[in-house]
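Heads up, entry.cif below (mmCIF, C-alpha atoms and all ligand atoms):
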data_work
loop_
_atom_site.label_atom_id
_atom_site.label_comp_id
_atom_site.auth_asym_id
_atom_site.auth_seq_id
_atom_site.Cartn_x
_atom_site.Cartn_y
_atom_site.Cartn_z
CA MET A 15 33.03 2.06 21.54
CA ASP A 16 34.47 -1.14 22.90
CA VAL A 17 32.57 -3.90 21.15
CA ASN A 18 33.17 -6.15 24.13
CA THR A 19 30.80 -4.01 26.19
CA VAL A 20 27.97 -4.66 23.75
CA SER A 21 26.15 -7.65 25.06
CA LEU A 22 23.98 -8.53 22.07
CA ALA A 23 25.75 -11.86 21.92
CA ASP A 24 24.21 -12.71 25.29
CA LYS A 25 20.75 -12.68 23.76
CA THR A 26 19.60 -15.95 22.29
CA GLN A 27 17.59 -14.87 19.24
CA ASN A 28 16.96 -11.58 17.56
CA PRO A 29 13.19 -11.28 16.94
CA VAL A 30 13.70 -8.95 13.97
CA ILE A 31 16.04 -11.31 12.16
CA GLN A 32 13.78 -14.24 13.01
CA GLU A 33 10.80 -12.40 11.53
CA MET A 34 12.81 -11.47 8.44
CA PHE A 35 13.78 -15.12 7.90
CA GLN A 36 10.22 -16.29 8.46
CA MET A 37 8.71 -13.79 6.03
CA GLY A 38 11.38 -14.59 3.45
CA HIS A 39 13.04 -11.19 3.06
CA GLU A 40 16.25 -11.01 1.07
CA GLN A 41 17.66 -7.93 2.74
CA VAL A 42 16.76 -5.35 5.38
CA VAL A 43 18.81 -2.15 5.51
CA PHE A 44 18.89 0.07 8.60
CA CYS A 45 19.82 3.66 7.77
CA HIS A 46 20.93 6.24 10.31
CA ASP A 47 22.41 9.72 10.00
CA ASP A 48 23.01 11.98 13.00
CA ALA A 49 23.47 15.18 11.02
CA THR A 50 20.03 15.09 9.41
CA GLY A 51 18.28 13.02 12.08
CA LEU A 52 17.41 10.38 9.51
CA LYS A 53 16.24 7.02 10.81
CA ALA A 54 15.00 4.79 8.02
CA ILE A 55 14.61 1.13 7.19
CA ILE A 56 14.55 -0.34 3.68
CA GLY A 57 13.02 -3.79 3.28
CA ILE A 58 13.77 -5.83 0.16
CA HIS A 59 11.51 -8.85 0.15
CA ASN A 60 11.95 -10.64 -3.17
CA THR A 61 13.67 -9.71 -6.43
CA THR A 62 12.82 -12.79 -8.51
CA LEU A 63 10.74 -10.79 -10.99
CA GLY A 64 12.94 -7.69 -11.07
CA PRO A 65 14.21 -4.84 -8.88
CA ALA A 66 12.23 -4.28 -5.70
CA LEU A 67 9.92 -1.30 -6.19
CA GLY A 68 7.78 0.17 -3.43
CA GLY A 69 7.17 3.55 -1.85
CA THR A 70 8.67 5.17 1.21
CA ARG A 71 6.38 5.87 4.15
CA MET A 72 7.14 8.59 6.69
CA TRP A 73 5.28 8.04 9.93
CA THR A 74 5.55 8.72 13.67
CA TYR A 75 5.89 5.17 14.90
CA ASP A 76 5.58 4.66 18.68
CA ASN A 77 8.77 2.61 18.64
CA GLU A 78 11.32 1.08 16.27
CA LEU A 79 9.77 -2.38 16.37
CA GLN A 80 6.52 -0.96 15.02
CA ALA A 81 8.45 0.58 12.13
CA ILE A 82 10.29 -2.68 11.43
CA ASN A 83 7.04 -4.60 11.50
CA ASP A 84 5.53 -2.12 9.05
CA VAL A 85 8.41 -2.26 6.57
CA LEU A 86 8.55 -6.07 6.66
CA ARG A 87 4.81 -6.39 6.01
CA LEU A 88 4.69 -3.63 3.41
CA SER A 89 7.67 -4.90 1.41
CA ARG A 90 6.29 -8.44 1.35
CA GLY A 91 2.97 -6.99 0.17
CA MET A 92 4.79 -5.29 -2.72
CA THR A 93 6.19 -8.63 -3.90
CA TYR A 94 2.64 -9.96 -4.17
CA LYS A 95 1.23 -6.75 -5.61
CA ASN A 96 3.84 -6.50 -8.36
CA ALA A 97 3.52 -10.20 -9.17
CA VAL A 98 -0.28 -10.30 -9.38
CA SER A 99 -0.27 -7.11 -11.48
CA GLY A 100 1.93 -8.74 -14.11
CA LEU A 101 4.86 -6.32 -13.56
CA ASN A 102 8.50 -7.28 -13.90
CA LEU A 103 9.25 -5.99 -10.43
CA GLY A 104 10.11 -7.46 -7.07
CA GLY A 105 8.85 -6.22 -3.72
CA GLY A 106 10.41 -3.62 -1.46
CA LYS A 107 9.39 -0.72 0.72
CA ALA A 108 11.01 1.82 3.03
CA VAL A 109 9.95 3.66 6.15
CA ILE A 110 11.34 6.87 7.58
CA ILE A 111 10.65 7.26 11.28
CA GLY A 112 9.37 10.76 12.04
CA ASP A 113 6.63 13.33 11.62
CA SER A 114 6.25 14.21 7.95
CA ARG A 115 4.51 17.47 8.88
CA THR A 116 7.40 18.85 10.94
CA MET A 117 10.60 16.90 10.27
CA LYS A 118 10.91 16.85 6.49
CA ASN A 119 13.55 18.91 4.73
CA GLU A 120 15.77 18.71 1.66
CA ALA A 121 18.81 17.39 3.55
CA LEU A 122 16.85 14.56 5.18
CA MET A 123 15.40 13.47 1.86
CA ARG A 124 18.73 13.67 0.03
CA ARG A 125 20.47 11.69 2.76
CA PHE A 126 17.78 9.05 2.38
CA GLY A 127 18.35 9.17 -1.39
CA LYS A 128 22.01 8.35 -0.82
CA PHE A 129 21.04 5.23 1.12
CA VAL A 130 18.72 4.20 -1.73
CA ASP A 131 21.57 4.79 -4.19
CA SER A 132 23.91 2.59 -2.17
CA LEU A 133 21.71 -0.37 -3.17
CA SER A 134 22.62 0.17 -6.85
CA GLY A 135 19.09 -0.22 -8.21
CA LYS A 136 18.10 -3.31 -6.26
CA TYR A 137 15.51 -1.06 -4.57
CA ILE A 138 13.57 1.70 -6.37
CA THR A 139 11.61 4.11 -4.23
CA ALA A 140 8.45 6.22 -4.73
CA GLU A 141 5.81 8.01 -2.63
CA ASP A 142 3.79 6.46 0.15
CA VAL A 143 2.03 7.93 3.18
CA GLY A 144 3.59 11.21 4.28
CA MET A 145 5.65 11.69 1.10
CA THR A 146 5.18 13.97 -1.92
CA THR A 147 6.49 14.44 -5.46
CA GLN A 148 8.67 17.25 -4.06
CA ASP A 149 10.35 14.72 -1.76
CA MET A 150 10.95 12.43 -4.74
CA GLU A 151 12.58 15.36 -6.50
CA PHE A 152 14.97 15.86 -3.58
CA ILE A 153 15.74 12.14 -3.52
CA SER A 154 16.37 12.18 -7.28
CA ASN A 155 19.32 14.53 -6.71
CA GLU A 156 21.14 11.63 -5.08
CA THR A 157 19.90 8.59 -6.96
CA LYS A 158 18.27 7.67 -10.23
CA HIS A 159 16.46 4.81 -8.50
CA VAL A 160 13.35 6.83 -7.72
CA VAL A 161 10.00 7.27 -9.48
CA GLY A 162 6.95 9.43 -8.83
CA ILE A 163 9.00 12.55 -9.52
CA PRO A 164 7.13 15.67 -10.72
CA LYS A 165 5.75 15.74 -14.26
CA GLU A 166 7.67 18.96 -15.01
CA LEU A 167 10.87 16.97 -14.49
CA GLY A 168 9.83 14.21 -16.86
CA GLY A 169 8.34 11.92 -14.21
CA ALA A 170 4.84 10.54 -13.88
CA GLY A 171 3.97 12.75 -10.90
CA ASP A 172 1.81 11.71 -8.00
CA PRO A 173 0.59 8.11 -8.55
CA SER A 174 -2.42 8.61 -6.25
CA PRO A 175 -5.02 9.40 -8.97
CA VAL A 176 -4.12 6.18 -10.78
CA THR A 177 -4.22 4.24 -7.51
CA ALA A 178 -7.65 5.69 -6.78
CA TYR A 179 -8.91 4.72 -10.24
CA GLY A 180 -7.77 1.12 -9.69
CA VAL A 181 -9.38 1.01 -6.25
CA TYR A 182 -12.61 2.31 -7.76
CA LEU A 183 -12.54 -0.43 -10.45
CA GLY A 184 -11.68 -3.12 -7.87
CA MET A 185 -14.57 -1.88 -5.73
CA LYS A 186 -16.90 -2.17 -8.71
CA ALA A 187 -15.73 -5.75 -9.34
CA ALA A 188 -16.41 -6.52 -5.66
CA ALA A 189 -19.85 -4.90 -5.88
CA LYS A 190 -20.62 -7.11 -8.89
CA ALA A 191 -19.64 -10.19 -6.86
CA ALA A 192 -21.72 -9.04 -3.87
CA TYR A 193 -24.81 -7.57 -5.55
CA GLY A 194 -24.78 -8.95 -9.11
CA SER A 195 -24.22 -5.44 -10.51
CA ASP A 196 -21.17 -3.20 -10.40
CA ASP A 197 -23.26 -0.03 -10.23
CA LEU A 198 -22.23 1.93 -7.14
CA GLY A 199 -25.09 4.42 -7.49
CA GLY A 200 -26.95 4.69 -4.17
CA LYS A 201 -24.50 2.44 -2.33
CA LYS A 202 -23.55 3.65 1.14
CA ILE A 203 -19.76 3.82 1.10
CA THR A 204 -17.57 4.82 4.06
CA VAL A 205 -14.14 6.11 3.07
CA GLN A 206 -11.67 6.07 5.98
CA GLY A 207 -8.87 8.53 5.20
CA ALA A 208 -9.37 11.50 2.88
CA GLY A 209 -5.74 11.72 1.83
CA ASN A 210 -4.17 11.57 -1.61
CA VAL A 211 -5.92 8.39 -2.70
CA GLY A 212 -9.10 8.77 -0.65
CA ARG A 213 -9.81 12.18 -2.16
CA TYR A 214 -9.60 10.96 -5.78
CA LEU A 215 -11.58 7.84 -4.95
CA ILE A 216 -14.36 10.03 -3.52
CA ASP A 217 -14.47 11.95 -6.84
CA HIS A 218 -15.21 8.70 -8.72
CA LEU A 219 -17.79 7.61 -6.16
CA MET A 220 -19.60 10.95 -6.19
CA LYS A 221 -19.69 10.90 -9.99
CA GLU A 222 -21.48 7.57 -9.76
CA ASN A 223 -23.99 8.95 -7.20
CA ALA A 224 -22.86 6.81 -4.29
CA GLN A 225 -23.80 7.94 -0.76
CA VAL A 226 -20.37 8.68 0.65
CA SER A 227 -19.35 9.07 4.31
CA ILE A 228 -15.80 10.20 5.08
CA ALA A 229 -13.56 10.27 8.13
CA ASP A 230 -10.09 11.71 8.65
CA ILE A 231 -8.06 12.66 11.70
CA PHE A 232 -7.20 16.05 10.16
CA ASP A 233 -9.86 18.70 9.52
CA ASP A 234 -7.95 20.25 6.60
CA LYS A 235 -8.17 16.93 4.71
CA ILE A 236 -11.91 16.77 5.30
CA LYS A 237 -12.32 20.37 4.15
CA LEU A 238 -10.61 19.65 0.82
CA VAL A 239 -13.35 17.09 0.14
CA THR A 240 -16.36 18.98 1.50
CA ASP A 241 -15.39 22.14 -0.41
CA LYS A 242 -15.75 20.08 -3.58
CA HIS A 243 -18.57 17.72 -2.61
CA SER A 244 -20.94 19.38 -0.15
CA SER A 245 -23.20 16.32 0.12
CA VAL A 246 -20.63 13.92 1.63
CA ASN A 247 -21.45 12.89 5.16
CA VAL A 248 -18.57 13.61 7.58
CA ILE A 249 -18.20 11.20 10.48
CA ASP A 250 -15.89 11.02 13.49
CA SER A 251 -12.75 9.01 12.82
CA ASP A 252 -13.50 6.79 15.81
CA LYS A 253 -17.04 6.05 14.59
CA VAL A 254 -16.08 4.53 11.24
CA TYR A 255 -16.80 0.87 11.89
CA GLU A 256 -20.29 1.30 13.30
CA ASN A 257 -21.34 3.65 10.50
CA ASP A 258 -24.29 2.46 8.40
CA MET A 259 -22.66 1.23 5.16
CA ASP A 260 -22.71 -1.24 2.29
CA ILE A 261 -19.02 -0.83 1.47
CA TYR A 262 -16.12 -0.07 3.77
CA ALA A 263 -13.18 1.60 1.97
CA PRO A 264 -10.07 1.70 4.17
CA CYS A 265 -7.84 4.43 2.71
CA ALA A 266 -5.74 5.40 5.74
CA LEU A 267 -3.37 2.95 7.41
CA GLY A 268 -3.29 -0.85 7.56
CA ALA A 269 -4.57 -3.46 10.04
CA THR A 270 -8.03 -1.87 10.36
CA VAL A 271 -9.74 -5.20 9.68
CA ASN A 272 -9.16 -6.80 13.05
CA ASP A 273 -10.94 -8.50 15.98
CA GLU A 274 -12.38 -5.23 17.25
CA SER A 275 -13.50 -3.69 13.94
CA LEU A 276 -15.07 -6.95 12.75
CA LYS A 277 -17.38 -6.93 15.79
CA LYS A 278 -18.80 -3.61 14.57
CA LEU A 279 -18.51 -3.72 10.77
CA ASN A 280 -21.83 -4.44 9.08
CA CYS A 281 -21.06 -4.25 5.36
CA SER A 282 -21.13 -6.47 2.27
CA VAL A 283 -17.82 -5.36 0.74
CA ILE A 284 -14.41 -4.25 1.95
CA ALA A 285 -12.48 -2.49 -0.83
CA GLY A 286 -9.96 0.27 -0.23
CA ALA A 287 -6.50 1.62 -0.89
CA ALA A 288 -4.71 0.94 2.39
CA ASN A 289 -1.99 -1.67 2.38
CA ASN A 290 -2.21 -4.66 4.76
CA GLN A 291 -5.83 -4.11 5.73
CA LEU A 292 -6.11 -7.53 7.39
CA ALA A 293 -4.36 -7.24 10.78
CA ASP A 294 -3.65 -10.97 10.68
CA GLU A 295 -3.93 -12.09 7.07
CA LYS A 296 -4.99 -15.66 7.76
CA LYS A 297 -7.19 -15.12 10.82
CA HIS A 298 -9.02 -12.06 9.56
CA GLY A 299 -9.12 -13.21 5.94
CA VAL A 300 -11.03 -16.28 7.12
CA ALA A 301 -13.19 -14.25 9.52
CA VAL A 302 -14.21 -11.89 6.73
CA LYS A 303 -15.17 -14.82 4.50
CA GLU A 304 -17.19 -16.42 7.28
CA SER A 305 -19.04 -13.14 7.84
CA GLY A 306 -20.11 -13.22 4.19
CA ILE A 307 -18.17 -10.05 3.38
CA ILE A 308 -16.55 -9.81 -0.05
CA TYR A 309 -13.00 -8.63 0.55
CA ALA A 310 -11.20 -7.20 -2.48
CA PRO A 311 -7.54 -7.97 -1.67
CA ASP A 312 -5.82 -4.67 -0.94
CA TYR A 313 -2.68 -5.19 -2.94
CA VAL A 314 -4.64 -6.21 -6.02
CA ILE A 315 -6.91 -3.19 -6.19
CA ASN A 316 -4.41 -0.57 -5.00
CA ALA A 317 -1.84 -1.53 -7.66
CA GLY A 318 -2.62 1.49 -9.87
CA GLY A 319 0.15 3.50 -8.23
CA VAL A 320 2.85 0.96 -8.85
CA ILE A 321 1.52 0.37 -12.37
CA ASN A 322 1.98 4.10 -12.93
CA CYS A 323 5.50 3.97 -11.46
CA TYR A 324 6.41 1.00 -13.64
CA SER A 325 5.29 2.94 -16.66
CA GLU A 326 7.59 5.77 -15.56
CA LEU A 327 10.53 3.37 -15.60
CA GLU A 328 9.69 2.47 -19.20
CA GLY A 329 9.27 6.12 -20.32
CA TYR A 330 5.97 7.49 -19.04
CA ASN A 331 2.84 7.19 -21.10
CA ARG A 332 -0.36 8.07 -19.23
CA ASP A 333 -2.70 6.18 -21.60
CA ARG A 334 -0.63 3.01 -21.30
CA ALA A 335 -0.64 3.32 -17.51
CA MET A 336 -4.42 3.86 -17.38
CA ASN A 337 -5.06 0.94 -19.77
CA LYS A 338 -2.93 -1.34 -17.66
CA CYS A 339 -4.71 -0.06 -14.54
CA GLU A 340 -8.03 -1.08 -16.06
CA THR A 341 -6.95 -4.74 -15.90
CA ILE A 342 -7.51 -4.49 -12.12
CA TYR A 343 -11.25 -5.09 -12.65
CA ASP A 344 -10.64 -8.43 -14.42
CA THR A 345 -7.85 -9.51 -12.08
CA THR A 346 -10.11 -8.89 -9.07
CA THR A 347 -12.95 -10.82 -10.72
CA ARG A 348 -10.58 -13.73 -11.49
CA ILE A 349 -9.58 -13.81 -7.81
CA PHE A 350 -13.23 -13.95 -6.67
CA GLU A 351 -13.84 -16.80 -9.13
CA LEU A 352 -10.85 -18.79 -7.89
CA ALA A 353 -11.89 -18.18 -4.27
CA ASN A 354 -15.38 -19.48 -5.06
CA GLU A 355 -14.14 -22.51 -7.02
CA GLN A 356 -11.75 -23.57 -4.26
CA ASN A 357 -13.86 -22.30 -1.35
CA ILE A 358 -10.93 -20.28 0.01
CA PRO A 359 -10.69 -16.69 1.28
CA THR A 360 -10.04 -14.10 -1.40
CA TYR A 361 -6.67 -13.09 0.07
CA GLU A 362 -5.54 -16.70 -0.35
CA ALA A 363 -6.73 -16.82 -3.96
CA ALA A 364 -4.76 -13.64 -4.70
CA ASN A 365 -1.65 -15.02 -3.02
CA LYS A 366 -1.92 -18.22 -5.07
CA ILE A 367 -2.00 -16.31 -8.35
CA ALA A 368 0.96 -14.14 -7.31
CA GLU A 369 3.05 -17.08 -6.04
CA GLN A 370 2.35 -19.05 -9.20
CA ARG A 371 3.67 -16.21 -11.35
CA ILE A 372 6.81 -15.79 -9.22
CA GLU A 373 7.46 -19.52 -9.44
CA GLN A 374 6.87 -19.77 -13.19
CA ILE A 375 8.86 -16.69 -14.16
CA GLY A 376 11.55 -17.56 -11.63
CA LYS A 377 12.06 -20.89 -13.43
CA ILE A 378 12.31 -19.18 -16.81
CA LYS A 379 14.96 -16.82 -15.45
CA MET A 380 17.01 -19.80 -14.28
CA THR A 381 17.10 -21.31 -17.80
CA ARG A 382 19.99 -20.30 -19.98
P1 LIG A 401 -2.15 10.01 2.69
O1 LIG A 401 -1.19 10.19 3.81
O2 LIG A 401 -2.25 11.08 1.68
O3 LIG A 401 -3.62 9.77 3.25
C1 LIG A 401 -3.91 9.01 4.37
C2 LIG A 401 -4.99 9.77 5.12
O4 LIG A 401 -5.46 8.98 6.20
C3 LIG A 401 -4.49 11.09 5.72
O5 LIG A 401 -5.33 12.15 5.32
C4 LIG A 401 -4.56 10.84 7.22
O6 LIG A 401 -4.85 12.02 7.95
C5 LIG A 401 -5.69 9.83 7.31
N1 LIG A 401 -5.70 9.01 8.49
C6 LIG A 401 -4.67 8.48 9.19
N2 LIG A 401 -5.12 7.76 10.24
C7 LIG A 401 -6.48 7.83 10.20
C8 LIG A 401 -7.53 7.29 10.99
N3 LIG A 401 -7.28 6.53 12.06
N4 LIG A 401 -8.81 7.56 10.64
C9 LIG A 401 -9.09 8.34 9.57
N5 LIG A 401 -8.14 8.89 8.78
C10 LIG A 401 -6.85 8.64 9.09
O7 LIG A 401 -1.82 8.59 2.03
P2 LIG A 401 -2.33 8.04 0.63
O8 LIG A 401 -1.25 8.20 -0.34
O9 LIG A 401 -3.69 8.54 0.36
O10 LIG A 401 -2.42 6.48 0.96
C11 LIG A 401 -3.52 5.94 1.68
C12 LIG A 401 -3.32 4.44 1.84
O11 LIG A 401 -3.24 3.84 0.56
C13 LIG A 401 -2.01 4.05 2.55
O12 LIG A 401 -2.23 2.90 3.33
C14 LIG A 401 -1.06 3.73 1.42
O13 LIG A 401 -0.06 2.82 1.80
C15 LIG A 401 -2.01 3.12 0.44
N6 LIG A 401 -1.56 3.23 -0.95
C16 LIG A 401 -1.30 4.44 -1.51
C17 LIG A 401 -0.88 4.51 -2.83
C18 LIG A 401 -0.64 5.83 -3.52
O14 LIG A 401 -0.53 5.86 -4.76
N7 LIG A 401 -0.59 6.94 -2.80
C19 LIG A 401 -0.70 3.34 -3.58
C20 LIG A 401 -1.00 2.12 -2.99
C21 LIG A 401 -1.42 2.07 -1.66
#
Please express what this file holds, its structure, as structure tokens.
Ligand code: NAD
Amino acid sequence: MDVNTVSLADKTQNPVIQEMFQMGHEQVVFCHDDATGLKAIIGIHNTTLGPALGGTRMWTYDNELQAINDVLRLSRGMTYKNAVSGLNLGGGKAVIIGDSRTMKNEALMRRFGKFVDSLSGKYITAEDVGMTTQDMEFISNETKHVVGIPKELGGAGDPSPVTAYGVYLGMKAAAKAAYGSDDLGGKKITVQGAGNVGRYLIDHLMKENAQVSIADIFDDKIKLVTDKHSSVNVIDSDKVYENDMDIYAPCALGATVNDESLKKLNCSVIAGAANNQLADEKKHGVAVKESGIIYAPDYVINAGGVINCYSELEGYNRDRAMNKCETIYDTTTRIFELANEQNIPTYEAANKIAEQRIEQIGKIKMTR
């Protein structure tokens, strides 16, 4: 191709690069391979605390800009999540554009693994939406910078049960802040998304005799839950926000706390697994506070998965991972206390704690 025919230079500013600069990303890698049909983007947000660790999401985005937006937001979220969780990890994330139900195969995953390997450990991948331990196994053929590989191969396996446990504990801490008791018995809880994390979260909630409603866009996911827990109430996935509930648990995709949903949501607590629940962090973080809803910051309470992955890097020990995961209750409580003391939204309190750690540890790393 004659580069002179490419008229990118005629454009004044590239919105993607502008966004990357504004959000403070170190590196964004666009990956493309004709032979396998791979289209992926790896976002490395900040490596002050260590290599950037965050899962890969495979999703059918409507367009490339949506995918870029997702990877930029998700990778930044990982920086904060890893920092607030006390891990020596930076923040990164990847997205593969495509339908995980129909487009996945060994070659696609291994080609993606090669791109991860080309970053020489600056980015470590794991599972996210649409990915499985089997995919991590394929990726591990091409790079050692992958976690969440099957237990039989010496990995920690699917991090979702640990994530769900952390979400459950974070939800209890939020219930304590809202109701004065962390007992979830009898609480009406709506779980949006009965996937890997949602399913395990529902197990904890049912054990505690909560009144659980669930919604998913796929019937087979619902069936997995109702076969096990016949008393859960199944609702339409487009009727989630108006459902009668005390606690809303977003466990599907992000940005569900937005102008539209807030008009309908009538709950005391928002606590779930999904990343980037606030469509606009500042606007909706403030709106939630003003509505009197206790919002348990997503990246704080869904950190169980990355805690599990971190433990895999150190040589996996399930008890150590679960013990570390249990700190999520106290961390969430500390965030609510700081938010109360300073009269700020809870997302802001969480960000402050994360930024403080990055700054302090960053300074130590600079000293010789
Ligand atoms: P998953 O793909 O297994 O589950 C997501 C579920 O949401 C699927 O069953 C899907 O059908 C459903 N869904 C999608 N859109 C929906 C809608 N509009 N309404 C209702 N249901 C819908 O993914 P997962 O691993 O369970 O992750 C769930 C969320 O938690 C994601 O946002 C992910 O980024 C986040 N998270 C996951 C982990 C982990 O360990 N898996 C860790 C941290 C954060």
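The smallest atom-to-atom distance between ligand LIG 401 (chain A) and any of A:Tyr313, A:Tyr75, A:Tyr262, A:Phe152, using all atoms listed in the file, is found for A:Tyr313.
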Distance table requested - chain A against ligand LIG 401 (chain A), cut-off 8 Å, all atoms listed in the file: one row per qualifying residue with the closest atom pair and its distance in Å to one decimal, ordered by chain and rising residue number, as JSON lines.
{"residue": "A:Arg71", "atom": "CA", "partner": "A:LIG401", "partner_atom": "O13", "distance": 7.5}
{"residue": "A:Glu141", "atom": "CA", "partner": "A:LIG401", "partner_atom": "N7", "distance": 6.5}
{"residue": "A:Asp142", "atom": "CA", "partner": "A:LIG401", "partner_atom": "N7", "distance": 5.3}
{"residue": "A:Val143", "atom": "CA", "partner": "A:LIG401", "partner_atom": "O1", "distance": 4.0}
{"residue": "A:Gly144", "atom": "CA", "partner": "A:LIG401", "partner_atom": "O1", "distance": 4.9}
{"residue": "A:Met145", "atom": "CA", "partner": "A:LIG401", "partner_atom": "O1", "distance": 7.5}
{"residue": "A:Asp172", "atom": "CA", "partner": "A:LIG401", "partner_atom": "O14", "distance": 7.1}
{"residue": "A:Pro173", "atom": "CA", "partner": "A:LIG401", "partner_atom": "O14", "distance": 4.5}
{"residue": "A:Ser174", "atom": "CA", "partner": "A:LIG401", "partner_atom": "O14", "distance": 3.7}
{"residue": "A:Pro175", "atom": "CA", "partner": "A:LIG401", "partner_atom": "O14", "distance": 7.1}
{"residue": "A:Val176", "atom": "CA", "partner": "A:LIG401", "partner_atom": "O14", "distance": 7.0}
{"residue": "A:Thr177", "atom": "CA", "partner": "A:LIG401", "partner_atom": "O14", "distance": 4.9}
{"residue": "A:Ala178", "atom": "CA", "partner": "A:LIG401", "partner_atom": "O14", "distance": 7.4}
{"residue": "A:Gln206", "atom": "CA", "partner": "A:LIG401", "partner_atom": "C9", "distance": 5.0}
{"residue": "A:Gly207", "atom": "CA", "partner": "A:LIG401", "partner_atom": "O4", "distance": 3.6}
{"residue": "A:Ala208", "atom": "CA", "partner": "A:LIG401", "partner_atom": "O5", "distance": 4.8}
{"residue": "A:Gly209", "atom": "CA", "partner": "A:LIG401", "partner_atom": "O3", "distance": 3.2}
{"residue": "A:Asn210", "atom": "CA", "partner": "A:LIG401", "partner_atom": "O9", "distance": 3.6}
{"residue": "A:Val211", "atom": "CA", "partner": "A:LIG401", "partner_atom": "O9", "distance": 3.8}
{"residue": "A:Gly212", "atom": "CA", "partner": "A:LIG401", "partner_atom": "O9", "distance": 5.5}
{"residue": "A:Arg213", "atom": "CA", "partner": "A:LIG401", "partner_atom": "O9", "distance": 7.6}
{"residue": "A:Ala229", "atom": "CA", "partner": "A:LIG401", "partner_atom": "C9", "distance": 5.1}
{"residue": "A:Asp230", "atom": "CA", "partner": "A:LIG401", "partner_atom": "N5", "distance": 3.4}
{"residue": "A:Ile231", "atom": "CA", "partner": "A:LIG401", "partner_atom": "N5", "distance": 4.8}
{"residue": "A:Phe232", "atom": "CA", "partner": "A:LIG401", "partner_atom": "O6", "distance": 5.2}
{"residue": "A:Lys235", "atom": "CA", "partner": "A:LIG401", "partner_atom": "O5", "distance": 5.6}
{"residue": "A:Ser251", "atom": "CA", "partner": "A:LIG401", "partner_atom": "N4", "distance": 4.7}
{"residue": "A:Asp252", "atom": "CA", "partner": "A:LIG401", "partner_atom": "N4", "distance": 7.0}
{"residue": "A:Val254", "atom": "CA", "partner": "A:LIG401", "partner_atom": "N4", "distance": 7.9}
{"residue": "A:Pro264", "atom": "CA", "partner": "A:LIG401", "partner_atom": "C12", "distance": 7.6}
{"residue": "A:Cys265", "atom": "CA", "partner": "A:LIG401", "partner_atom": "C12", "distance": 4.6}
{"residue": "A:Ala266", "atom": "CA", "partner": "A:LIG401", "partner_atom": "O4", "distance": 3.6}
{"residue": "A:Leu267", "atom": "CA", "partner": "A:LIG401", "partner_atom": "O12", "distance": 4.2}
{"residue": "A:Gly268", "atom": "CA", "partner": "A:LIG401", "partner_atom": "O12", "distance": 5.8}
{"residue": "A:Gly286", "atom": "CA", "partner": "A:LIG401", "partner_atom": "O11", "distance": 7.7}
{"residue": "A:Ala287", "atom": "CA", "partner": "A:LIG401", "partner_atom": "O11", "distance": 4.2}
{"residue": "A:Ala288", "atom": "CA", "partner": "A:LIG401", "partner_atom": "O12", "distance": 3.3}
{"residue": "A:Asn289", "atom": "CA", "partner": "A:LIG401", "partner_atom": "O12", "distance": 4.7}
{"residue": "A:Asn290", "atom": "CA", "partner": "A:LIG401", "partner_atom": "O12", "distance": 7.7}
{"residue": "A:Tyr313", "atom": "CA", "partner": "A:LIG401", "partner_atom": "C21", "distance": 7.5}
{"residue": "A:Asn316", "atom": "CA", "partner": "A:LIG401", "partner_atom": "C20", "distance": 4.8}
{"residue": "A:Ala317", "atom": "CA", "partner": "A:LIG401", "partner_atom": "C20", "distance": 6.0}
{"residue": "A:Gly318", "atom": "CA", "partner": "A:LIG401", "partner_atom": "C19", "distance": 6.8}
{"residue": "A:Gly319", "atom": "CA", "partner": "A:LIG401", "partner_atom": "O14", "distance": 4.3}
{"residue": "A:Val320", "atom": "CA", "partner": "A:LIG401", "partner_atom": "C19", "distance": 6.8}
message: Please list, as a ChimeraX atom specification, the residues that have an atom at most 10 Å away from (-0.2, 10.9, -17.8) in the coordinates of this file, counting only C-alpha atoms.
response: /A:165,169-171,173,176,322,325-326,330-336
message: Need the shell around range 133-138 of chain A: protein/DNA/RNA residues with any atom at most 8 Å away, counting all atoms listed in the file. Skip same-chain ones fewer than 5 positions apart. Format as an MDAnalysis selection string?
response: chainID A and resid 58 61 65:68 106 159:161
- request: Work out how far CA of Ile307 in chain A is from CA of Glu340 in chain A, in Å to one decimal.
  value: 23.7 Å
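The nearest approach to Leu352 in chain A among the residues A:Asn102, A:Gly199, A:Ile367, A:Asp84, with only C-alpha atoms taken into account, belongs to A:Ile367.
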message: Please list as number ranges by chain every residue within 10 Å of range 368-372 of chain A, counting all atoms listed in the file and excluding residues in the same chain fewer than 3 positions away.
response: A: 60-63, 93-100, 102, 104, 314, 362-365, 375-378
Any chance you could export the current selection's C-alpha atoms as a compact mmCIF listing (two decimals), in the frame of the given file?
# COMPACT_ATOMS: atom_id res chain seq x y z
CA ASN A 60 11.95 -10.64 -3.17
CA THR A 61 13.67 -9.71 -6.43
CA THR A 62 12.82 -12.79 -8.51
CA LEU A 63 10.74 -10.79 -10.99
CA THR A 93 6.19 -8.63 -3.90
CA TYR A 94 2.64 -9.96 -4.17
CA LYS A 95 1.23 -6.75 -5.61
CA ASN A 96 3.84 -6.50 -8.36
CA ALA A 97 3.52 -10.20 -9.17
CA VAL A 98 -0.28 -10.30 -9.38
CA SER A 99 -0.27 -7.11 -11.48
CA GLY A 100 1.93 -8.74 -14.11
CA ASN A 102 8.50 -7.28 -13.90
CA GLY A 104 10.11 -7.46 -7.07
CA VAL A 314 -4.64 -6.21 -6.02
CA GLU A 362 -5.54 -16.70 -0.35
CA ALA A 363 -6.73 -16.82 -3.96
CA ALA A 364 -4.76 -13.64 -4.70
CA ASN A 365 -1.65 -15.02 -3.02
CA ILE A 375 8.86 -16.69 -14.16
CA GLY A 376 11.55 -17.56 -11.63
CA LYS A 377 12.06 -20.89 -13.43
CA ILE A 378 12.31 -19.18 -16.81
